[in-house]
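Structure file run.csv; described as CSV, C-alpha atoms.
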chain,number,residue,atom,x,y,z
A,1,MET,CA,73.7,2.5,139.0
A,2,ASN,CA,74.1,2.0,142.8
A,3,THR,CA,76.3,4.4,144.8
A,4,PRO,CA,78.7,2.4,147.0
A,5,PRO,CA,78.5,2.8,150.7
A,6,ALA,CA,80.9,5.2,152.4
A,7,ASN,CA,82.8,2.4,154.2
A,8,ASN,CA,83.3,0.6,150.8
A,9,SER,CA,84.8,3.7,149.4
A,10,GLY,CA,87.3,3.8,152.3
A,11,ASP,CA,88.1,0.1,151.6
A,12,ALA,CA,88.7,0.9,147.9
A,13,ARG,CA,91.1,3.7,148.8
A,14,THR,CA,93.0,1.4,151.2
A,15,LEU,CA,93.1,-1.3,148.6
A,16,GLY,CA,94.4,1.2,146.1
A,17,ARG,CA,97.1,2.3,148.4
A,18,GLN,CA,98.1,-1.3,149.1
A,19,ARG,CA,98.3,-2.0,145.4
A,20,LEU,CA,100.4,1.1,144.8
A,21,ALA,CA,102.7,0.1,147.6
A,22,GLU,CA,103.0,-3.4,146.2
A,23,ARG,CA,103.8,-2.0,142.7
A,24,ARG,CA,106.5,0.2,144.2
A,25,ARG,CA,108.0,-2.8,146.0
A,26,ARG,CA,107.9,-4.8,142.8
A,27,LEU,CA,109.5,-2.0,140.8
A,28,ASN,CA,112.2,-1.8,143.5
A,29,ARG,CA,112.9,-5.5,143.3
A,30,ILE,CA,113.2,-5.3,139.5
A,31,ARG,CA,115.6,-2.3,139.8
A,32,VAL,CA,117.7,-4.3,142.3
A,33,ARG,CA,117.8,-7.3,140.0
A,34,ILE,CA,118.7,-5.3,136.9
A,35,ALA,CA,121.5,-3.6,138.9
A,36,THR,CA,122.8,-6.9,140.2
A,37,VAL,CA,122.8,-8.5,136.7
A,38,ALA,CA,124.5,-5.5,135.2
A,39,ALA,CA,127.2,-5.4,137.9
A,40,SER,CA,127.8,-9.2,137.5
A,41,LEU,CA,128.1,-8.9,133.7
A,42,PHE,CA,130.5,-5.9,134.1
A,43,ILE,CA,132.7,-7.9,136.7
A,44,ALA,CA,132.7,-10.9,134.4
A,45,ALA,CA,133.7,-8.9,131.3
A,46,PHE,CA,136.3,-7.0,133.3
A,47,SER,CA,137.8,-10.2,134.7
A,48,VAL,CA,138.2,-11.6,131.2
A,49,ILE,CA,139.9,-8.4,130.0
A,50,TYR,CA,142.1,-8.2,133.1
A,51,VAL,CA,143.2,-11.8,132.9
A,52,GLN,CA,144.0,-11.6,129.2
A,53,GLY,CA,145.8,-8.3,129.7
A,54,SER,CA,147.8,-9.6,132.7
A,55,LEU,CA,149.0,-12.5,130.5
A,56,GLY,CA,150.8,-10.0,128.4
A,57,SER,CA,148.9,-9.8,125.2
A,58,THR,CA,145.8,-8.4,123.6
A,59,GLY,CA,144.5,-8.9,120.1
A,60,ALA,CA,146.3,-5.7,119.1
A,61,THR,CA,149.7,-6.9,120.3
A,62,THR,CA,149.5,-10.5,119.3
A,63,PRO,CA,152.1,-11.3,116.6
A,64,SER,CA,150.6,-12.4,113.4
A,65,THR,CA,152.1,-14.3,110.5
A,66,THR,CA,149.0,-14.1,108.3
A,67,THR,CA,149.9,-12.6,105.0
A,68,THR,CA,146.8,-13.4,103.0
A,69,SER,CA,143.2,-12.4,103.3
A,70,ASN,CA,140.9,-14.3,105.6
A,71,SER,CA,138.2,-14.9,103.0
A,72,ALA,CA,136.6,-18.4,102.8
A,73,SER,CA,139.4,-19.4,100.5
A,74,SER,CA,142.4,-17.5,99.5
A,75,SER,CA,145.5,-18.2,97.5
A,76,ALA,CA,148.7,-16.2,97.4
A,77,THR,CA,152.2,-16.6,95.9
A,78,GLN,CA,154.9,-15.6,98.3
A,79,VAL,CA,158.5,-14.9,97.7
A,80,ASN,CA,160.5,-15.4,100.9
A,81,ASN,CA,164.1,-15.9,102.1
A,82,SER,CA,162.9,-18.8,104.2
A,83,PRO,CA,159.8,-21.1,104.1
A,84,THR,CA,156.6,-19.4,105.2
A,85,PRO,CA,156.0,-19.9,108.9
A,86,VAL,CA,153.0,-22.0,110.1
A,87,THR,CA,151.1,-22.0,113.3
A,88,THR,CA,149.9,-24.9,115.4
A,89,SER,CA,147.1,-24.3,117.8
A,90,GLN,CA,144.1,-26.2,119.0
A,91,SER,CA,141.5,-26.5,116.2
B,1,MET,CA,170.6,-16.3,101.1
B,2,THR,CA,168.2,-18.0,98.6
B,3,THR,CA,164.7,-16.8,97.8
B,4,GLN,CA,161.9,-19.3,97.7
B,5,VAL,CA,158.5,-19.0,95.9
B,6,GLU,CA,155.6,-20.6,97.7
B,7,ILE,CA,151.9,-21.0,96.9
B,8,VAL,CA,149.9,-20.5,100.1
B,9,ARG,CA,146.2,-21.6,100.1
B,10,ARG,CA,144.1,-20.8,103.2
B,11,PHE,CA,140.5,-22.1,103.5
B,12,ARG,CA,137.8,-23.2,105.9
B,13,CYS,CA,137.6,-26.9,106.4
B,14,PHE,CA,136.9,-29.4,109.2
B,15,GLY,CA,135.1,-26.5,111.0
B,16,SER,CA,138.4,-24.7,111.3
B,17,ASP,CA,141.1,-23.0,109.2
B,18,CYS,CA,143.4,-25.1,107.0
B,19,THR,CA,146.4,-24.1,105.0
B,20,VAL,CA,148.4,-25.8,102.2
B,21,ILE,CA,151.8,-24.4,101.3
B,22,VAL,CA,153.8,-25.8,98.3
B,23,ALA,CA,157.1,-24.5,97.1
B,24,GLY,CA,158.7,-25.2,93.8
B,25,ASP,CA,158.0,-25.0,90.1
B,26,ASP,CA,154.7,-24.3,88.2
B,27,SER,CA,153.2,-27.5,89.3
B,28,ALA,CA,153.1,-26.2,92.9
B,29,ALA,CA,150.0,-24.1,92.3
B,30,ARG,CA,148.1,-27.0,90.8
B,31,ALA,CA,149.2,-29.3,93.6
B,32,ALA,CA,148.1,-26.9,96.3
B,33,GLU,CA,144.7,-26.5,94.6
B,34,ASP,CA,144.3,-30.2,94.3
B,35,ALA,CA,145.2,-30.6,98.0
B,36,GLU,CA,142.6,-28.1,99.0
B,37,MET,CA,139.9,-29.8,96.8
B,38,GLN,CA,140.8,-33.2,98.3
B,39,LEU,CA,140.6,-31.9,101.9
B,40,LEU,CA,137.2,-30.3,101.3
B,41,ALA,CA,136.0,-33.6,99.7
B,42,TRP,CA,137.2,-35.6,102.7
B,43,HIS,CA,135.5,-33.0,105.0
B,44,ARG,CA,132.2,-33.7,103.3
B,45,ARG,CA,132.7,-37.5,103.5
B,46,PHE,CA,133.8,-37.5,107.2
B,47,THR,CA,131.6,-34.8,108.9
B,48,ARG,CA,129.2,-36.1,111.5
B,49,PHE,CA,127.1,-32.9,111.2
B,50,THR,CA,125.3,-34.0,108.0
B,51,THR,CA,123.3,-37.2,107.7
B,52,THR,CA,124.5,-37.8,104.1
B,53,SER,CA,128.2,-38.1,104.9
B,54,GLU,CA,129.8,-41.5,104.6
B,55,LEU,CA,130.6,-41.4,108.3
B,56,SER,CA,127.0,-40.6,109.3
B,57,GLN,CA,125.8,-43.4,107.1
B,58,LEU,CA,128.3,-45.9,108.5
B,59,ASN,CA,127.3,-44.9,112.1
B,60,ALA,CA,123.6,-45.3,111.2
B,61,ASP,CA,124.0,-48.6,109.4
B,62,PRO,CA,122.3,-51.5,111.2
B,63,ARG,CA,124.5,-54.2,109.7
B,64,PRO,CA,127.4,-55.6,111.7
B,65,ALA,CA,129.7,-55.4,108.7
B,66,VAL,CA,129.6,-52.5,106.2
B,67,SER,CA,131.4,-51.9,102.9
B,68,VAL,CA,133.2,-48.5,103.0
B,69,SER,CA,135.4,-46.4,100.8
B,70,PRO,CA,139.2,-47.1,101.0
B,71,VAL,CA,139.8,-43.8,102.8
B,72,MET,CA,137.1,-44.7,105.4
B,73,ALA,CA,138.7,-48.1,105.9
B,74,ARG,CA,142.0,-46.4,106.5
B,75,PHE,CA,140.5,-43.9,108.9
B,76,VAL,CA,138.7,-46.6,111.0
B,77,GLN,CA,142.0,-48.6,111.1
B,78,ALA,CA,143.8,-45.5,112.3
B,79,ALA,CA,141.2,-44.9,115.0
B,80,VAL,CA,141.5,-48.5,116.3
B,81,ASP,CA,145.3,-48.3,116.2
B,82,SER,CA,145.2,-44.9,118.0
B,83,ALA,CA,143.2,-46.4,120.8
B,84,ARG,CA,145.5,-49.4,121.1
B,85,GLU,CA,148.7,-47.3,121.0
B,86,THR,CA,147.4,-44.9,123.7
B,87,GLY,CA,146.0,-47.5,126.0
B,88,GLY,CA,142.5,-46.4,125.2
B,89,LEU,CA,143.0,-42.7,126.0
B,90,VAL,CA,142.4,-41.6,122.3
B,91,ASP,CA,139.0,-43.3,121.8
B,92,ALA,CA,137.0,-42.5,118.7
B,93,THR,CA,133.9,-44.5,120.0
B,94,LEU,CA,132.8,-41.8,122.5
B,95,LEU,CA,130.5,-40.0,120.1
B,96,GLY,CA,127.4,-40.7,122.3
B,97,ALA,CA,129.1,-39.2,125.4
B,98,LEU,CA,130.3,-36.2,123.3
B,99,GLU,CA,126.7,-35.5,122.2
B,100,ASP,CA,125.5,-36.0,125.8
B,101,ALA,CA,128.0,-33.4,126.9
B,102,GLY,CA,126.4,-31.0,124.5
B,103,TYR,CA,128.6,-31.2,121.3
B,104,ARG,CA,125.8,-31.9,118.9
B,105,ARG,CA,126.5,-29.4,116.2
B,106,ASP,CA,129.5,-27.5,114.7
B,107,LEU,CA,130.6,-25.1,117.3
B,108,GLN,CA,132.3,-21.8,116.5
B,109,GLY,CA,132.2,-19.8,119.7
B,110,SER,CA,134.0,-20.8,122.9
B,111,LEU,CA,133.8,-20.2,126.6
B,112,PRO,CA,136.7,-18.1,127.8
B,113,LEU,CA,139.3,-20.5,129.1
B,114,SER,CA,139.9,-18.6,132.3
B,115,ILE,CA,136.2,-18.8,133.1
B,116,ALA,CA,136.0,-22.5,132.2
B,117,LEU,CA,138.9,-23.3,134.5
B,118,GLY,CA,137.3,-21.3,137.3
B,119,LEU,CA,134.1,-23.4,137.1
B,120,ALA,CA,135.8,-26.8,136.3
B,121,PRO,CA,135.8,-29.7,138.7
B,122,ALA,CA,138.9,-31.0,140.6
B,123,ARG,CA,141.7,-31.9,138.2
B,124,ARG,CA,142.5,-35.5,137.6
B,125,PRO,CA,144.2,-37.5,134.9
B,126,ALA,CA,142.0,-39.2,132.4
B,127,GLY,CA,141.8,-43.0,132.0
B,128,PRO,CA,140.6,-45.5,129.4
B,129,ALA,CA,137.0,-46.6,129.3
B,130,ALA,CA,136.2,-49.7,131.2
B,131,LEU,CA,134.3,-51.2,128.2
B,132,ALA,CA,136.9,-50.4,125.6
B,133,ARG,CA,134.4,-50.5,122.8
B,134,TRP,CA,137.1,-49.6,120.3
B,135,ALA,CA,138.3,-53.2,120.7
B,136,ASP,CA,135.1,-54.4,119.0
B,137,VAL,CA,135.9,-52.5,115.8
B,138,SER,CA,137.9,-54.2,113.0
B,139,VAL,CA,138.8,-53.5,109.4
B,140,ASP,CA,139.3,-55.7,106.4
B,141,ALA,CA,141.6,-53.6,104.4
B,142,MET,CA,141.5,-55.8,101.4
B,143,ALA,CA,137.7,-55.9,101.2
B,144,ASN,CA,137.2,-52.4,102.5
B,145,THR,CA,134.8,-53.6,105.2
B,146,VAL,CA,134.3,-52.3,108.7
B,147,SER,CA,132.9,-54.6,111.3
B,148,ARG,CA,131.5,-53.3,114.6
B,149,PRO,CA,128.5,-53.9,116.8
B,150,PRO,CA,125.5,-52.0,115.3
B,151,GLY,CA,124.9,-48.8,117.2
B,152,LEU,CA,128.6,-48.2,117.9
B,153,ARG,CA,129.4,-44.8,116.3
B,154,LEU,CA,132.7,-43.3,115.4
B,155,ASP,CA,133.8,-39.7,115.6
B,156,SER,CA,136.4,-38.6,113.0
B,157,GLY,CA,137.9,-35.9,115.3
B,158,GLY,CA,141.6,-35.2,115.4
B,159,VAL,CA,142.5,-38.7,114.2
B,160,ALA,CA,141.1,-37.9,110.8
B,161,LYS,CA,142.7,-34.5,110.5
B,162,GLY,CA,146.2,-36.0,111.3
B,163,LEU,CA,145.6,-38.8,108.9
B,164,PHE,CA,144.5,-36.5,106.1
B,165,ALA,CA,147.5,-34.2,106.6
B,166,ASP,CA,149.7,-37.3,106.1
B,167,MET,CA,147.7,-38.5,103.1
B,168,ILE,CA,148.2,-35.1,101.4
B,169,SER,CA,151.8,-35.3,102.3
B,170,GLU,CA,152.1,-38.5,100.3
B,171,ARG,CA,150.9,-36.6,97.3
B,172,LEU,CA,153.3,-33.7,97.7
B,173,ASP,CA,156.5,-35.7,98.5
B,174,GLY,CA,158.2,-34.8,95.2
B,175,HIS,CA,158.0,-31.1,95.8
B,176,GLU,CA,160.9,-29.0,97.2
B,177,SER,CA,159.0,-28.0,100.3
B,178,TYR,CA,155.5,-28.1,101.6
B,179,ALA,CA,153.4,-27.7,104.7
B,180,ILE,CA,149.8,-28.9,105.3
B,181,GLU,CA,147.8,-27.7,108.2
B,182,CYS,CA,144.6,-29.5,108.9
B,183,ALA,CA,142.8,-27.6,111.6
B,184,GLY,CA,145.9,-27.6,113.9
B,185,ASP,CA,147.5,-30.8,112.7
B,186,LEU,CA,150.6,-30.1,110.6
B,187,ARG,CA,152.7,-32.2,108.3
B,188,LEU,CA,155.9,-30.7,106.9
B,189,GLY,CA,158.2,-32.1,104.3
B,190,GLY,CA,159.9,-31.7,100.9
B,191,THR,CA,163.1,-32.6,99.1
B,192,ASP,CA,165.1,-29.4,100.0
B,193,GLY,CA,165.2,-30.2,103.7
B,194,HIS,CA,165.0,-26.5,104.8
B,195,ASP,CA,163.6,-25.8,108.2
B,196,ARG,CA,160.3,-24.1,108.5
B,197,ARG,CA,159.3,-22.1,111.6
B,198,VAL,CA,156.3,-23.6,113.5
B,199,ASP,CA,154.7,-21.2,116.0
B,200,VAL,CA,152.8,-22.6,119.0
B,201,SER,CA,149.9,-20.4,120.0
B,202,SER,CA,148.8,-19.8,123.6
B,203,PRO,CA,145.3,-21.2,124.4
B,204,PHE,CA,144.7,-18.2,126.6
B,205,ASP,CA,145.3,-15.3,124.3
B,206,GLY,CA,146.7,-16.6,121.0
B,207,SER,CA,150.1,-15.2,121.5
B,208,THR,CA,153.1,-17.2,120.3
B,209,LEU,CA,154.6,-19.3,123.2
B,210,HIS,CA,157.4,-20.9,121.3
B,211,ALA,CA,158.7,-21.5,117.8
B,212,PHE,CA,160.1,-24.8,116.6
B,213,GLU,CA,162.3,-25.1,113.5
B,214,LEU,CA,161.4,-28.3,111.6
B,215,ALA,CA,162.0,-29.6,108.1
B,216,ARG,CA,160.2,-33.0,107.9
B,217,ALA,CA,157.8,-33.8,110.8
B,218,GLY,CA,154.3,-33.9,112.0
B,219,VAL,CA,153.1,-31.4,114.6
B,220,ALA,CA,149.8,-31.4,116.4
B,221,THR,CA,148.2,-29.4,119.2
B,222,SER,CA,145.4,-30.6,121.4
B,223,GLY,CA,143.7,-28.3,123.9
B,224,ILE,CA,140.6,-27.3,125.7
B,225,GLY,CA,140.6,-23.6,124.9
B,226,ARG,CA,138.3,-23.8,121.9
B,227,ARG,CA,135.1,-25.7,121.2
B,228,SER,CA,134.0,-25.2,124.8
B,229,TRP,CA,130.6,-24.4,126.3
B,230,LEU,CA,128.4,-24.5,129.4
B,231,ASP,CA,126.3,-27.6,129.5
B,232,GLU,CA,122.7,-27.9,130.6
B,233,ASN,CA,123.7,-27.8,134.2
B,234,ALA,CA,126.0,-24.8,133.8
B,235,ARG,CA,129.1,-26.9,134.0
B,236,PRO,CA,132.0,-26.1,131.7
B,237,ALA,CA,132.4,-28.6,128.9
B,238,HIS,CA,134.7,-29.1,125.9
B,239,HIS,CA,135.4,-31.7,123.2
B,240,LEU,CA,138.1,-33.8,124.8
B,241,LEU,CA,136.5,-36.5,127.0
B,242,ASP,CA,137.9,-38.6,129.7
B,243,PRO,CA,137.1,-42.1,128.4
B,244,SER,CA,136.8,-43.4,131.9
B,245,THR,CA,134.0,-41.0,132.8
B,246,GLY,CA,132.6,-39.9,129.4
B,247,ARG,CA,132.8,-36.3,130.7
B,248,PRO,CA,135.1,-33.5,129.5
B,249,ALA,CA,138.6,-34.0,130.9
B,250,PHE,CA,140.1,-31.3,133.2
B,251,THR,CA,143.5,-32.8,134.0
B,252,GLY,CA,145.6,-29.7,134.8
B,253,VAL,CA,147.0,-29.6,131.2
B,254,VAL,CA,145.1,-27.1,129.0
B,255,GLN,CA,147.1,-27.6,125.8
B,256,ALA,CA,149.8,-30.0,124.6
B,257,THR,CA,151.8,-29.8,121.4
B,258,ALA,CA,153.6,-32.8,120.1
B,259,ILE,CA,156.2,-33.4,117.4
B,260,ALA,CA,156.4,-36.8,115.7
B,261,PRO,CA,157.3,-38.4,112.4
B,262,THR,CA,153.7,-38.0,111.1
B,263,ALA,CA,150.8,-35.7,111.8
B,264,LEU,CA,148.7,-38.7,113.0
B,265,GLU,CA,151.3,-39.8,115.5
B,266,ALA,CA,151.7,-36.2,116.7
B,267,GLU,CA,147.9,-35.9,117.1
B,268,LEU,CA,147.9,-39.1,119.3
B,269,ARG,CA,150.8,-37.9,121.4
B,270,ALA,CA,149.4,-34.5,121.9
B,271,LYS,CA,146.0,-35.8,122.9
B,272,ALA,CA,147.4,-38.5,125.2
B,273,ALA,CA,149.7,-35.8,126.8
B,274,LEU,CA,146.7,-33.6,127.6
B,275,LEU,CA,144.6,-36.4,129.0
B,276,SER,CA,147.4,-37.8,131.1
B,277,GLY,CA,147.8,-34.7,133.1
B,278,PRO,CA,150.9,-32.7,134.2
B,279,GLY,CA,152.5,-35.7,135.9
B,280,ALA,CA,152.7,-37.9,132.8
B,281,ALA,CA,152.3,-35.5,129.9
B,282,SER,CA,156.0,-35.3,129.1
B,283,ASP,CA,156.2,-39.1,128.9
B,284,CYS,CA,153.9,-39.0,125.8
B,285,LEU,CA,156.1,-36.5,124.0
B,286,ALA,CA,159.0,-38.7,123.0
B,287,TYR,CA,159.9,-36.5,120.0
B,288,GLY,CA,159.5,-33.3,122.0
B,289,GLY,CA,156.8,-30.7,122.4
B,290,LEU,CA,155.3,-28.1,124.7
B,291,VAL,CA,152.8,-28.4,127.5
B,292,VAL,CA,150.6,-25.5,128.8
B,293,LEU,CA,149.1,-25.8,132.3
B,294,ASP,CA,146.0,-24.5,134.0
B,295,ASP,CA,147.9,-21.5,135.5
B,296,GLY,CA,149.1,-20.3,132.1
B,297,SER,CA,152.6,-21.5,132.6
B,298,HIS,CA,154.2,-23.6,129.9
B,299,HIS,CA,157.3,-25.8,129.5
B,300,LEU,CA,159.2,-27.3,126.7
B,301,VAL,CA,159.7,-31.1,126.5
B,302,ALA,CA,163.0,-32.1,125.1
B,303,SER,CA,163.1,-34.8,122.5
B,304,ARG,CA,164.2,-38.3,123.6
B,305,LYS,CA,164.0,-39.8,120.1
B,306,ASP,CA,165.3,-38.5,116.8
B,307,LEU,CA,162.9,-37.9,113.9
B,308,PRO,CA,163.6,-40.3,111.0
How would this structure read if it were set down as structure tokens?
Amino acid sequence: MNTPPANNSGDARTLGRQRLAERRRRLNRIRVRIATVAASLFIAAFSVIYVQGSLGSTGATTPSTTTTSNSASSSATQVNNSPTPVTTSQS
Amino acid sequence: MTTQVEIVRRFRCFGSDCTVIVAGDDSAARAAEDAEMQLLAWHRRFTRFTTTSELSQLNADPRPAVSVSPVMARFVQAAVDSARETGGLVDATLLGALEDAGYRRDLQGSLPLSIALGLAPARRPAGPAALARWADVSVDAMANTVSRPPGLRLDSGGVAKGLFADMISERLDGHESYAIECAGDLRLGGTDGHDRRVDVSSPFDGSTLHAFELARAGVATSGIGRRSWLDENARPAHHLLDPSTGRPAFTGVVQATAIAPTALEAELRAKAALLSGPGAASDCLAYGGLVVLDDGSHHLVASRKDLP
């Protein structure tokens, strides 16, 4: 095995430092991207919740007339003082 | 105050939720079950998401004239009449454009409406297609034959749901009271004439915007709040196309509810109102209705004609 010359050893250390620096920069760029995407997703999700909340209703407060289970098909016999209400909404 | 016994059947059909309610004697339960079975059978016959359905086979048939079932003939005639009566706004021949927009399979999830509106292009009323391909479709009702240029494909869409609600209504006419909901299209009727409450849901959050009281009528709601997605170019898209552009319509109206003598007519009026935009939506709602705009506001439209 040949021993590398002294100046080649210096070049290798310099190259190693450069690679380390490049790796740090790449990691920093990845961190910034992850932080940006996470912040964007949070803002988007918060916006949806805020808009729905500002319109005065959430799933918990929405009136419901459903009186039977939501299985694939259900049948119920209902005794009412007036006809069972129905809902029209976009399908 | 009288009490009323009603059979309520809820089930998945037409890619959405359907309900059949029948009041009356012991025959009500059997009638409601029959109605459910019939709607499910029509779903299988009219879906475009299976290659074996009659609609898919009609669309793929290379012959200019095709023998079809009586119910298919009735649907195709209803589709042609719908286009004629709405000046081409309700056009069942836009299936290719609908697929190009990204609606190639049954969609369950939706893009939040507030986000879709934020990304949507400038609002403009929809218009009829320049080619009016629907005018090339004809039906021989006696022979149950559909004629159209090969390659022209039909989408069952809302027209079929309204028509089916009306066809089930024909079967239930002898009962005291009934309601059929076909994925948003309603038909109410019965011999007792009692009003039934019809809630209109908000496209933004599902809350109840208004409640109508109706005994015998059709009611339909057309909107862009569901069956929406981002297309390949990250543009918001939905299933209601502007026939003049073949692109999803953003008119400023996000939902329209129409009342009419039949569910099919209500469907046409609701869809035409949405596509016409805020300036002309009310003109389409002769029997009354409700319009929801982009900004979340809504207004009732008073009836200018009496229901029969």
Compute the chain B side of the contact with chain A at 6 Å, counting only C-alpha atoms, and hand it back as JSON, numbers by chain. {"B": [2, 3, 4, 5, 6, 7, 8, 9, 10, 11, 12, 183, 184, 196, 197, 198, 199, 200, 201, 207, 221, 222, 223]}
Expressed in Å to a single decimal, how great is the separation between CA of Ala270 (chain B) and CA of Leu240 (chain B)? 11.7 Å
Gap from CA of Leu111 (chain B) to CA of Ile34 (chain A) - Å, one decimal: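 Between these atoms lies a distance of 23.6 Å.
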Please identify all polymer residues within 9 Å of Ser202 (chain B), counting only C-alpha atoms, omitting same-chain residues fewer than 3 positions from it, and present them as a ChimeraX atom specification. /A:89 /B:205-210,255,292,296
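We find CA of Ala280 (chain B) and CA of Asp242 (chain B) to be spaced 15.1 Å apart.
If all atoms listed in the file are the atoms counted, then among B:Leu274, B:Cys284, B:Val76, B:Val254 the closest residue to Asn144 (chain B) is B:Val76.
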Regenerate region 253-272 of chain B at the level of N, CA and C atoms and dump it as a tab-separated table (two decimals), keeping the file's coordinate frame.
chain	number	residue	atom	x	y	z
B	253	VAL	N	146.32	-29.97	132.47
B	253	VAL	CA	147.00	-29.60	131.20
B	253	VAL	C	145.88	-28.97	130.32
B	254	VAL	N	146.09	-27.76	129.83
B	254	VAL	CA	145.10	-27.10	129.00
B	254	VAL	C	145.45	-27.23	127.50
B	255	GLN	N	146.71	-27.48	127.22
B	255	GLN	CA	147.10	-27.60	125.80
B	255	GLN	C	148.44	-28.40	125.75
B	256	ALA	N	148.53	-29.29	124.79
B	256	ALA	CA	149.80	-30.00	124.60
B	256	ALA	C	150.10	-30.01	123.08
B	257	THR	N	151.34	-29.72	122.75
B	257	THR	CA	151.80	-29.80	121.40
B	257	THR	C	152.85	-30.87	121.25
B	258	ALA	N	152.68	-31.72	120.26
B	258	ALA	CA	153.60	-32.80	120.10
B	258	ALA	C	154.24	-32.79	118.71
B	259	ILE	N	155.50	-33.19	118.68
B	259	ILE	CA	156.20	-33.40	117.40
B	259	ILE	C	156.38	-34.90	117.23
B	260	ALA	N	156.28	-35.36	115.99
B	260	ALA	CA	156.40	-36.80	115.70
B	260	ALA	C	156.72	-36.96	114.23
B	261	PRO	N	157.04	-38.16	113.79
B	261	PRO	CA	157.30	-38.40	112.40
B	261	PRO	C	156.14	-38.06	111.47
B	262	THR	N	154.93	-38.30	111.94
B	262	THR	CA	153.70	-38.00	111.10
B	262	THR	C	152.76	-37.17	111.91
B	263	ALA	N	151.82	-36.55	111.18
B	263	ALA	CA	150.80	-35.70	111.80
B	263	ALA	C	149.89	-36.58	112.69
B	264	LEU	N	149.58	-37.79	112.21
B	264	LEU	CA	148.70	-38.70	113.00
B	264	LEU	C	149.33	-39.05	114.31
B	265	GLU	N	150.60	-39.42	114.26
B	265	GLU	CA	151.30	-39.80	115.50
B	265	GLU	C	151.38	-38.57	116.45
B	266	ALA	N	151.64	-37.40	115.85
B	266	ALA	CA	151.70	-36.20	116.70
B	266	ALA	C	150.35	-35.91	117.33
B	267	GLU	N	149.27	-36.13	116.59
B	267	GLU	CA	147.90	-35.90	117.10
B	267	GLU	C	147.69	-36.87	118.33
B	268	LEU	N	148.06	-38.12	118.19
B	268	LEU	CA	147.90	-39.10	119.30
B	268	LEU	C	148.68	-38.68	120.51
B	269	ARG	N	149.93	-38.30	120.27
B	269	ARG	CA	150.80	-37.90	121.40
B	269	ARG	C	150.31	-36.69	122.09
B	270	ALA	N	149.85	-35.71	121.30
B	270	ALA	CA	149.40	-34.50	121.90
B	270	ALA	C	148.12	-34.73	122.76
B	271	LYS	N	147.20	-35.50	122.22
B	271	LYS	CA	146.00	-35.80	122.90
B	271	LYS	C	146.23	-36.62	124.19
B	272	ALA	N	147.08	-37.62	124.05
B	272	ALA	CA	147.40	-38.50	125.20
B	272	ALA	C	148.12	-37.63	126.27
